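Listing of model_31.pdb; format and content: PDB, C-alpha atoms.
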```
ATOM      1  CA  MET A 173     -10.217 -16.287 -17.428
ATOM      2  CA  ARG A 174     -11.553 -14.635 -20.549
ATOM      3  CA  ASN A 175     -13.397 -11.669 -19.045
ATOM      4  CA  ILE A 176     -10.811  -9.621 -17.171
ATOM      5  CA  ARG A 177     -12.021  -6.023 -17.159
ATOM      6  CA  ALA A 178      -9.600  -4.505 -14.645
ATOM      7  CA  LEU A 179      -6.128  -4.846 -13.160
ATOM      8  CA  LEU A 180      -5.405  -4.274  -9.470
ATOM      9  CA  LEU A 181      -1.736  -3.305  -9.577
ATOM     10  CA  ASP A 182       0.753  -2.941  -6.767
ATOM     11  CA  LEU A 183       3.249  -0.100  -7.343
ATOM     12  CA  ASP A 184       6.703  -0.643  -5.788
ATOM     13  CA  GLY A 185       8.401  -3.504  -7.624
ATOM     14  CA  VAL A 186       5.565  -3.876 -10.139
ATOM     15  CA  VAL A 187       5.177  -0.502 -11.860
ATOM     16  CA  TYR A 188       8.307   1.291 -10.709
ATOM     17  CA  LEU A 189      11.423   1.089  -8.573
ATOM     18  CA  GLY A 190      11.954   4.410  -6.820
ATOM     19  CA  PRO A 191      11.596   7.217  -9.388
ATOM     20  CA  ARG A 192      11.908   5.006 -12.485
ATOM     21  CA  LEU A 193       9.397   2.896 -14.362
ATOM     22  CA  ILE A 194      10.287  -0.757 -14.751
ATOM     23  CA  PRO A 195      11.110  -1.523 -18.420
ATOM     24  CA  GLY A 196       8.068  -2.492 -20.476
ATOM     25  CA  VAL A 197       5.515  -1.085 -18.022
ATOM     26  CA  LYS A 198       4.541   2.022 -19.983
ATOM     27  CA  THR A 199       3.877   0.123 -23.205
ATOM     28  CA  ALA A 200       1.931  -2.626 -21.438
ATOM     29  CA  LEU A 201      -0.321  -0.349 -19.387
ATOM     30  CA  ARG A 202      -0.957   2.177 -22.121
ATOM     31  CA  THR A 203      -1.890  -0.632 -24.499
ATOM     32  CA  LEU A 204      -4.287  -2.250 -22.052
ATOM     33  CA  ASP A 205      -5.800   1.128 -21.183
ATOM     34  CA  SER A 206      -6.418   1.794 -24.892
ATOM     35  CA  ARG A 207      -8.290  -1.518 -25.058
ATOM     36  CA  GLY A 208     -10.646  -0.413 -22.288
ATOM     37  CA  ILE A 209      -9.084  -2.334 -19.398
ATOM     38  CA  LYS A 210      -9.445  -0.403 -16.146
ATOM     39  CA  LEU A 211      -6.111   0.195 -14.409
ATOM     40  CA  LEU A 212      -6.425   0.373 -10.616
ATOM     41  CA  TYR A 213      -3.449   0.850  -8.309
ATOM     42  CA  VAL A 214      -3.327  -0.346  -4.688
ATOM     43  CA  THR A 215      -0.243   0.234  -2.551
ATOM     44  CA  ASN A 216       0.795  -0.380   1.047
ATOM     45  CA  ASN A 217       3.006   2.679   0.677
ATOM     46  CA  SER A 218       1.827   5.762   2.574
ATOM     47  CA  THR A 219       4.550   8.275   1.722
ATOM     48  CA  LEU A 220       2.165  10.141  -0.603
ATOM     49  CA  THR A 221      -1.547  10.818  -0.534
ATOM     50  CA  ARG A 222      -3.886   8.995  -2.867
ATOM     51  CA  ALA A 223      -3.838  12.007  -5.204
ATOM     52  CA  GLY A 224      -0.053  12.245  -4.852
ATOM     53  CA  PHE A 225       0.478   8.712  -6.120
ATOM     54  CA  ALA A 226      -1.859   9.384  -9.042
ATOM     55  CA  ALA A 227       0.130  12.518  -9.909
ATOM     56  CA  LYS A 228       3.408  10.561  -9.769
ATOM     57  CA  LEU A 229       2.017   7.942 -12.145
ATOM     58  CA  ARG A 230       0.849  10.595 -14.586
ATOM     59  CA  LEU A 231       4.279  12.268 -14.502
ATOM     60  CA  LEU A 232       5.735   8.885 -15.431
ATOM     61  CA  GLY A 233       3.419   8.789 -18.442
ATOM     62  CA  LEU A 234       0.807   6.348 -17.164
ATOM     63  CA  PRO A 235      -2.980   6.671 -17.208
ATOM     64  CA  ALA A 236      -3.972   7.331 -13.581
ATOM     65  CA  PRO A 237      -6.952   9.563 -12.764
ATOM     66  CA  ASN A 238      -7.137  10.337  -9.024
ATOM     67  CA  PRO A 239      -9.908   7.840  -8.086
ATOM     68  CA  THR A 240      -7.955   4.899  -9.505
ATOM     69  CA  VAL A 241      -5.387   4.811  -6.665
ATOM     70  CA  MET A 242      -5.879   3.443  -3.136
ATOM     71  CA  ASN A 243      -3.138   3.677  -0.511
ATOM     72  CA  ALA A 244      -2.678   2.476   3.055
ATOM     73  CA  ALA A 245      -2.630   6.024   4.455
ATOM     74  CA  LEU A 246      -6.254   6.511   3.421
ATOM     75  CA  ALA A 247      -7.148   3.049   4.726
ATOM     76  CA  ALA A 248      -5.579   3.932   8.094
ATOM     77  CA  ALA A 249      -7.441   7.245   8.240
ATOM     78  CA  LEU A 250     -10.773   5.536   7.535
ATOM     79  CA  LEU A 251     -10.123   2.814  10.124
ATOM     80  CA  ILE A 252      -9.243   5.381  12.806
ATOM     81  CA  ARG A 253     -12.382   7.377  12.012
ATOM     82  CA  GLU A 254     -14.448   4.205  12.366
ATOM     83  CA  ARG A 255     -12.858   3.245  15.696
ATOM     84  CA  HIS A 256     -12.133   6.632  17.297
ATOM     85  CA  GLY A 257     -14.318   9.214  15.567
ATOM     86  CA  GLN A 258     -13.579  11.900  13.005
ATOM     87  CA  HIS A 259     -11.374  14.247  15.037
ATOM     88  CA  ALA A 260      -8.962  11.779  16.609
ATOM     89  CA  ARG A 261      -5.511  12.871  17.736
ATOM     90  CA  VAL A 262      -2.987  10.599  16.049
ATOM     91  CA  VAL A 263       0.774  10.308  16.535
ATOM     92  CA  VAL A 264       2.369   9.823  13.129
ATOM     93  CA  VAL A 265       5.459   7.778  12.378
ATOM     94  CA  GLY A 266       5.619   8.303   8.640
ATOM     95  CA  GLU A 267       6.291  10.682   5.784
ATOM     96  CA  HIS A 268       4.182  13.651   4.658
ATOM     97  CA  GLY A 269       1.533  11.652   2.775
ATOM     98  CA  LEU A 270       0.243  10.044   5.969
ATOM     99  CA  PRO A 271      -0.502  13.215   8.011
ATOM    100  CA  GLN A 272      -2.017  14.825   4.902
ATOM    101  CA  GLU A 273      -4.400  11.898   4.426
ATOM    102  CA  LEU A 274      -5.258  11.940   8.130
ATOM    103  CA  ARG A 275      -6.116  15.654   7.953
ATOM    104  CA  LEU A 276      -8.296  15.095   4.888
ATOM    105  CA  ALA A 277     -10.252  12.547   6.940
ATOM    106  CA  GLY A 278     -10.732  15.098   9.747
ATOM    107  CA  HIS A 279      -8.082  13.845  12.190
ATOM    108  CA  ARG A 280      -5.428  15.823  14.062
ATOM    109  CA  PRO A 281      -1.983  14.330  13.383
ATOM    110  CA  VAL A 282       0.914  14.923  15.788
ATOM    111  CA  GLU A 283       4.558  14.810  14.683
ATOM    112  CA  THR A 284       7.560  15.245  16.971
ATOM    113  CA  ARG A 285      10.902  15.136  15.160
ATOM    114  CA  THR A 286      13.305  16.569  17.732
ATOM    115  CA  GLN A 287      14.063  16.100  21.419
ATOM    116  CA  ALA A 288      12.814  19.610  22.150
ATOM    117  CA  GLU A 289       9.490  18.951  20.407
ATOM    118  CA  TRP A 290       9.117  15.648  22.242
ATOM    119  CA  LYS A 291       9.784  17.187  25.672
ATOM    120  CA  LYS A 292       7.260  19.940  25.014
ATOM    121  CA  TRP A 293       4.584  17.546  23.772
ATOM    122  CA  ARG A 294       4.857  14.453  25.975
ATOM    123  CA  LYS A 295       2.546  15.733  28.723
ATOM    124  CA  ASN A 296      -0.262  15.349  26.154
ATOM    125  CA  ALA A 297       0.436  11.654  25.458
ATOM    126  CA  GLY A 298      -2.759  10.609  27.222
ATOM    127  CA  LYS A 299      -4.893  12.550  24.711
ATOM    128  CA  ILE A 300      -3.797  10.413  21.738
ATOM    129  CA  SER A 301      -6.266   7.899  20.265
ATOM    130  CA  ALA A 302      -3.893   6.060  17.934
ATOM    131  CA  VAL A 303      -0.309   5.758  16.744
ATOM    132  CA  VAL A 304       0.127   5.023  13.037
ATOM    133  CA  ALA A 305       3.359   3.310  12.014
ATOM    134  CA  SER A 306       4.233   3.540   8.328
ATOM    135  CA  PHE A 307       7.214   3.783   6.018
ATOM    136  CA  ASP A 308       9.443   6.640   7.175
ATOM    137  CA  ARG A 309      12.768   7.726   5.701
ATOM    138  CA  THR A 310      12.680  10.788   7.987
ATOM    139  CA  LEU A 311      12.549   8.666  11.149
ATOM    140  CA  THR A 312      14.153  10.057  14.295
ATOM    141  CA  TYR A 313      14.578   8.559  17.733
ATOM    142  CA  TRP A 314      12.274  11.231  19.152
ATOM    143  CA  LYS A 315       9.459  10.203  16.822
ATOM    144  CA  LEU A 316       9.738   6.734  18.323
ATOM    145  CA  CYS A 317       9.754   8.164  21.854
ATOM    146  CA  ALA A 318       6.540  10.105  21.196
ATOM    147  CA  ALA A 319       4.905   7.025  19.711
ATOM    148  CA  LEU A 320       5.883   4.891  22.707
ATOM    149  CA  ASP A 321       4.645   7.539  25.174
ATOM    150  CA  ALA A 322       1.243   7.544  23.463
ATOM    151  CA  LEU A 323       1.044   3.752  23.324
ATOM    152  CA  ASN A 324       1.945   3.434  26.998
ATOM    153  CA  ALA A 325      -0.760   5.993  27.790
ATOM    154  CA  GLY A 326      -3.413   3.874  26.076
ATOM    155  CA  ALA A 327      -3.299   4.711  22.351
ATOM    156  CA  GLU A 328      -3.979   1.996  19.774
ATOM    157  CA  LEU A 329      -1.162   0.878  17.484
ATOM    158  CA  VAL A 330      -2.097   0.917  13.783
ATOM    159  CA  ALA A 331       0.309  -0.295  11.081
ATOM    160  CA  THR A 332      -0.238   0.580   7.440
ATOM    161  CA  ASN A 333       1.289  -2.820   6.621
ATOM    162  CA  MET A 334       3.705  -5.392   8.004
ATOM    163  CA  ASP A 335       6.004  -5.716   4.987
ATOM    164  CA  PRO A 336       9.451  -6.326   6.514
ATOM    165  CA  THR A 337      11.217  -4.934   3.438
ATOM    166  CA  TRP A 338      10.510  -3.001   0.243
ATOM    167  CA  PRO A 339      12.149  -3.046  -3.205
ATOM    168  CA  SER A 340      13.972   0.126  -4.266
ATOM    169  CA  GLU A 341      16.314   1.202  -7.034
ATOM    170  CA  PHE A 342      19.118   0.573  -4.505
ATOM    171  CA  GLY A 343      18.004  -2.958  -3.634
ATOM    172  CA  VAL A 344      16.078  -4.337  -0.664
ATOM    173  CA  MET A 345      15.473  -1.809   2.149
ATOM    174  CA  PRO A 346      13.798  -2.032   5.604
ATOM    175  CA  GLY A 347      10.013  -1.685   5.359
ATOM    176  CA  THR A 348       7.089  -0.606   7.510
ATOM    177  CA  GLY A 349       6.773  -3.993   9.184
ATOM    178  CA  SER A 350      10.243  -3.672  10.674
ATOM    179  CA  LEU A 351       9.334  -0.330  12.242
ATOM    180  CA  ALA A 352       5.886  -1.450  13.410
ATOM    181  CA  SER A 353       7.460  -4.526  15.002
ATOM    182  CA  LEU A 354       9.858  -2.289  16.943
ATOM    183  CA  LEU A 355       6.953  -0.308  18.422
ATOM    184  CA  ALA A 356       4.953  -3.484  19.084
ATOM    185  CA  TYR A 357       7.915  -5.016  20.917
ATOM    186  CA  ALA A 358       8.578  -1.869  22.964
ATOM    187  CA  SER A 359       4.926  -1.342  23.953
ATOM    188  CA  GLY A 360       3.702  -4.934  24.145
ATOM    189  CA  LYS A 361       0.792  -4.025  21.870
ATOM    190  CA  LYS A 362      -0.324  -5.967  18.808
ATOM    191  CA  PRO A 363      -0.774  -3.675  15.794
ATOM    192  CA  VAL A 364      -4.011  -3.380  13.857
ATOM    193  CA  ILE A 365      -2.974  -3.837  10.212
ATOM    194  CA  VAL A 366      -4.851  -1.969   7.471
ATOM    195  CA  GLY A 367      -2.880  -2.822   4.327
ATOM    196  CA  LYS A 368      -2.415  -5.949   2.247
ATOM    197  CA  PRO A 369      -2.633  -8.952   2.654
ATOM    198  CA  ASP A 370      -6.010  -7.863   4.003
ATOM    199  CA  PRO A 371      -8.102  -7.297   0.845
ATOM    200  CA  ALA A 372     -10.076  -4.342   2.279
ATOM    201  CA  MET A 373      -8.330  -1.774   0.051
ATOM    202  CA  PHE A 374      -9.080  -3.917  -3.002
ATOM    203  CA  ARG A 375     -12.744  -4.102  -2.071
ATOM    204  CA  MET A 376     -13.004  -0.339  -1.501
ATOM    205  CA  LEU A 377     -11.539   0.470  -4.895
ATOM    206  CA  LEU A 378     -13.534  -2.157  -6.817
ATOM    207  CA  LYS A 379     -16.753  -0.976  -5.164
ATOM    208  CA  GLU A 380     -15.910   2.594  -6.133
ATOM    209  CA  HIS A 381     -15.643   1.530  -9.785
ATOM    210  CA  GLY A 382     -18.438  -1.055  -9.851
ATOM    211  CA  ILE A 383     -16.192  -3.990 -10.780
ATOM    212  CA  SER A 384     -16.441  -7.553  -9.499
ATOM    213  CA  PRO A 385     -13.385  -9.404  -8.105
ATOM    214  CA  ARG A 386     -13.958 -12.228 -10.604
ATOM    215  CA  ASP A 387     -13.455  -9.729 -13.452
ATOM    216  CA  THR A 388     -10.189  -8.451 -11.961
ATOM    217  CA  LEU A 389      -6.587  -9.644 -12.160
ATOM    218  CA  VAL A 390      -4.502  -8.849  -9.052
ATOM    219  CA  ILE A 391      -0.828  -8.250  -9.887
ATOM    220  CA  GLY A 392       1.924  -7.859  -7.298
ATOM    221  CA  ASP A 393       5.537  -8.691  -6.503
ATOM    222  CA  ARG A 394       5.048 -10.279  -3.059
ATOM    223  CA  LEU A 395       3.492 -13.703  -2.670
ATOM    224  CA  ASP A 396       2.686 -13.277   1.025
ATOM    225  CA  VAL A 397       1.226  -9.794   0.580
ATOM    226  CA  ASP A 398      -0.209  -9.021  -2.871
ATOM    227  CA  ILE A 399      -1.002 -12.537  -4.019
ATOM    228  CA  GLU A 400      -2.361 -13.556  -0.627
ATOM    229  CA  ALA A 401      -4.625 -10.482  -0.701
ATOM    230  CA  GLY A 402      -5.834 -11.446  -4.165
ATOM    231  CA  LYS A 403      -6.605 -14.980  -2.984
ATOM    232  CA  ARG A 404      -8.607 -13.637  -0.045
ATOM    233  CA  LEU A 405     -10.452 -11.333  -2.437
ATOM    234  CA  GLY A 406     -11.416 -14.279  -4.633
ATOM    235  CA  ALA A 407      -9.732 -12.862  -7.736
ATOM    236  CA  PRO A 408      -7.232 -14.420 -10.159
ATOM    237  CA  THR A 409      -3.643 -13.426  -9.410
ATOM    238  CA  ALA A 410      -0.298 -12.895 -11.130
ATOM    239  CA  VAL A 411       3.105 -12.335  -9.566
ATOM    240  CA  VAL A 412       5.814 -10.371 -11.376
ATOM    241  CA  LEU A 413       9.508 -11.140 -10.942
ATOM    242  CA  THR A 414      10.572  -7.487 -11.096
ATOM    243  CA  GLY A 415      10.357  -6.843  -7.347
ATOM    244  CA  MET A 416      10.710  -8.939  -4.184
ATOM    245  CA  THR A 417       9.725 -12.387  -5.480
ATOM    246  CA  LYS A 418      12.273 -14.353  -7.485
ATOM    247  CA  ARG A 419      11.676 -17.582  -9.363
ATOM    248  CA  ALA A 420      13.333 -19.651  -6.638
ATOM    249  CA  ASP A 421      10.777 -18.333  -4.121
ATOM    250  CA  LEU A 422       7.831 -19.826  -6.010
ATOM    251  CA  ALA A 423       8.507 -23.434  -5.029
ATOM    252  CA  ARG A 424       9.060 -22.565  -1.351
ATOM    253  CA  SER A 425       5.885 -20.537  -0.892
ATOM    254  CA  ALA A 426       2.537 -21.986   0.113
ATOM    255  CA  VAL A 427       0.865 -19.100  -1.755
ATOM    256  CA  LYS A 428       0.615 -19.968  -5.439
ATOM    257  CA  PRO A 429      -0.314 -17.337  -8.054
ATOM    258  CA  ASP A 430      -2.338 -18.232 -11.122
ATOM    259  CA  TYR A 431       0.290 -16.652 -13.362
ATOM    260  CA  VAL A 432       4.001 -15.869 -13.145
ATOM    261  CA  LEU A 433       5.129 -12.874 -15.223
ATOM    262  CA  ARG A 434       8.654 -11.739 -15.889
ATOM    263  CA  GLY A 435       7.171  -8.235 -16.021
ATOM    264  CA  LEU A 436       3.976  -6.455 -17.005
ATOM    265  CA  GLU A 437       4.942  -6.631 -20.685
ATOM    266  CA  ASP A 438       4.118 -10.359 -20.540
ATOM    267  CA  LEU A 439       0.425  -9.366 -20.405
ATOM    268  CA  LEU A 440       0.669  -8.442 -24.091
ATOM    269  CA  LYS A 441       1.905 -11.870 -25.177
ATOM    270  CA  PRO A 442      -0.523 -13.937 -27.274
ATOM    271  CA  GLY A 443      -0.911 -16.599 -24.598
ATOM    272  CA  LEU A 444      -2.132 -14.079 -22.001
ATOM    273  CA  ALA A 445      -3.718 -11.301 -24.050
ATOM    274  CA  GLY A 446      -6.774 -13.489 -24.674
ATOM    275  CA  MET A 447      -7.793 -13.327 -21.005
ATOM    276  CA  PHE A 448      -8.974  -9.749 -21.354
ATOM    277  CA  GLY A 449     -12.624  -9.241 -22.088
ATOM    278  CA  LYS A 450     -14.100  -6.132 -23.600
ATOM    279  CA  GLY A 451     -13.262  -3.413 -21.125
ATOM    280  CA  LYS A 452     -15.709  -0.764 -19.965
ATOM    281  CA  ARG A 453     -15.010   2.848 -19.098
TER     282      ARG A 453
END
```

Can you present the structure in this file as structure tokens?
Amino acid sequence: MRNIRALLLDLDGVVYLGPRLIPGVKTALRTLDSRGIKLLYVTNNSTLTRAGFAAKLRLLGLPAPNPTVMNAALAAALLIRERHGQHARVVVVGEHGLPQELRLAGHRPVETRTQAEWKKWRKNAGKISAVVASFDRTLTYWKLCAALDALNAGAELVATNMDPTWPSEFGVMPGTGSLASLLAYASGKKPVIVGKPDPAMFRMLLKEHGISPRDTLVIGDRLDVDIEAGKRLGAPTAVVLTGMTKRADLARSAVKPDYVLRGLEDLLKPGLAGMFGKGKR
């Protein structure tokens, strides 16, 4: 591992927790960027658009041009376009980044937050092609009712990921997988999953930048999600202990990373810094 040209970085638990950067991240990523290492960010989070995540990273002082971020909202939009056409009607269980990304892809998202909205809309449940379940801190019961109506009328269930939890500045919180499982249980439908551990988002972003998986280090905080995706990609992997995975989890997991980092600042240590080849812009 002497020719790493790019990093594929998860966000929550790796780069930041909520609105705050994890200590050491800014120095590590700015230093590697100055050495020509390409920084690419891939997240299962769909609360912002691809451009929105890039803007957040720049506000936090990190190098993040728009094309360097891939999120599960875009992946869901592309999958729905492939399976249902460009102008699909889609019931959204998620925050504002998801419907925005769906609109950018040409779809027609539907959101019902209140009982009155649900009652008015539900006669159109049979016109829905897909229901997308994603992370949603604005969740209401009536959103779930609209989603279930559409699923029972024949819509496909798409989940941006199946992470049961996510790491926040307040500790461990319920994740998208918990919500998607609720809808799967209620409807009897198995969700189509677009996010990690499937490596499709990795492949899309690497292809966009002309970088090979063997020249890329995948870094994440979940063994069963980020590291598993890196293994499926065929890339070297590193887990950080700043998010969901703790040192005690390493022995119990069947998924073994190539490296264990206390945080991203470990990448600058002499024992690891030698893995980076001459980066290319």

Using only C-alpha atoms, tabulate the residues of stretch 213-277 of chain A lying at most 10 Å from any atom of stretch 394-406 of chain A, each with its closest atom pair and that distance in Å to one decimal, by chain and increasing residue number, as a tab-separated table.
```
residue	atom	partner	partner_atom	distance
A:Val214	CA	A:Asp398	CA	9.4
A:Thr215	CA	A:Asp398	CA	9.3
A:Asn216	CA	A:Val397	CA	9.4
```

Determine the residue membership of the PyMOL selection byres ((chain A and resi 307-309) around 6) for the file above and supply it as number ranges by chain. A: 266-267, 306, 310-311, 348

Restricting the calculation to all atoms listed in the file, which member of A:Asn296, A:Ile209, A:Ala372, A:Arg261 is positioned closest to A:Val282? A:Arg261

Using all atoms of stretch 423-439 of chain A that appear in the file, construct an axis-aligned enclosing box with 5 Å of padding on every side and provide its centre coordinates and edge lengths in Å, rounded to one decimal, as AutoDock Vina command-line options.
```
--center_x 3.4 --center_y -14.9 --center_z -10.3 --size_x 21.4 --size_y 27.0 --size_z 30.8
```

So which one's closest to A:Val241, A:Leu378, A:Arg434, A:Val344, A:Glu289? Using all atoms listed in the file, please.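 Among the listed residues, the smallest separation from A:Val241 belongs to A:Leu378.
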
Expansion of the PyMOL selection byres ((chain A and resi 318) around 8) into residues, as a list of chain:residue names: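 With the shown file as input, the PyMOL selection byres ((chain A and resi 318) around 8) matches A:Val263, A:Thr284, A:Trp290, A:Arg294, A:Ala297, A:Trp314, A:Lys315, A:Leu316, A:Cys317, A:Ala319, A:Leu320, A:Asp321, A:Ala322.
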
Limited to C-alpha atoms, could you put the picked residues into a file as a compact mmCIF listing (two decimals), in the frame of the given file?
```txt
# COMPACT_ATOMS: atom_id res chain seq x y z
CA VAL A 263 0.77 10.31 16.54
CA THR A 284 7.56 15.24 16.97
CA TRP A 290 9.12 15.65 22.24
CA ARG A 294 4.86 14.45 25.98
CA ALA A 297 0.44 11.65 25.46
CA TRP A 314 12.27 11.23 19.15
CA LYS A 315 9.46 10.20 16.82
CA LEU A 316 9.74 6.73 18.32
CA CYS A 317 9.75 8.16 21.85
CA ALA A 319 4.90 7.02 19.71
CA LEU A 320 5.88 4.89 22.71
CA ASP A 321 4.64 7.54 25.17
CA ALA A 322 1.24 7.54 23.46
```

Rounded to one decimal place, report the atom CA of A:Ala260-atom CA of A:Leu354 distance in Å. 23.5 Å

With all atoms listed in the file as the counted atoms, please give the residues lying no more than 12 Å from A:Lys379, apart from itself and same-chain residues fewer than 5 positions off, as a tab-separated table (two decimals) with C-alpha atoms, keeping the file's coordinate frame.
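As a result, out_6.tsv now contains:
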```tsv
chain	number	residue	atom	x	y	z
A	212	LEU	CA	-6.42	0.37	-10.62
A	239	PRO	CA	-9.91	7.84	-8.09
A	240	THR	CA	-7.96	4.90	-9.51
A	242	MET	CA	-5.88	3.44	-3.14
A	372	ALA	CA	-10.08	-4.34	2.28
A	373	MET	CA	-8.33	-1.77	0.05
A	374	PHE	CA	-9.08	-3.92	-3.00
A	384	SER	CA	-16.44	-7.55	-9.50
A	385	PRO	CA	-13.38	-9.40	-8.10
```

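The space between atom CA of A:Asp430 and atom CA of A:Pro408 spans 6.3 Å.
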
Out of A:Pro235, A:Pro429, A:Pro339, A:Pro369, which residue has the shortest atom-to-atom distance to A:Tyr188 when counting all atoms listed in the file?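 The answer is A:Pro339, which sits nearest to A:Tyr188.
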
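Between atom CA of A:Arg375 and atom CA of A:Gly446 the separation is 25.2 Å.
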
Name the residues captured by the PyMOL selection byres ((chain A and resi 338) around 9) when it is applied to the shown file; answer as an MDAnalysis selection string. chainID A and resid 184:185 335:337 339:340 343:348 415:416

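The shortest atom-to-atom distance to A:Ile383, with only C-alpha atoms taken into account, belongs to A:Ile176 out of A:Leu323, A:Ile176, A:Leu231, A:Ala426.
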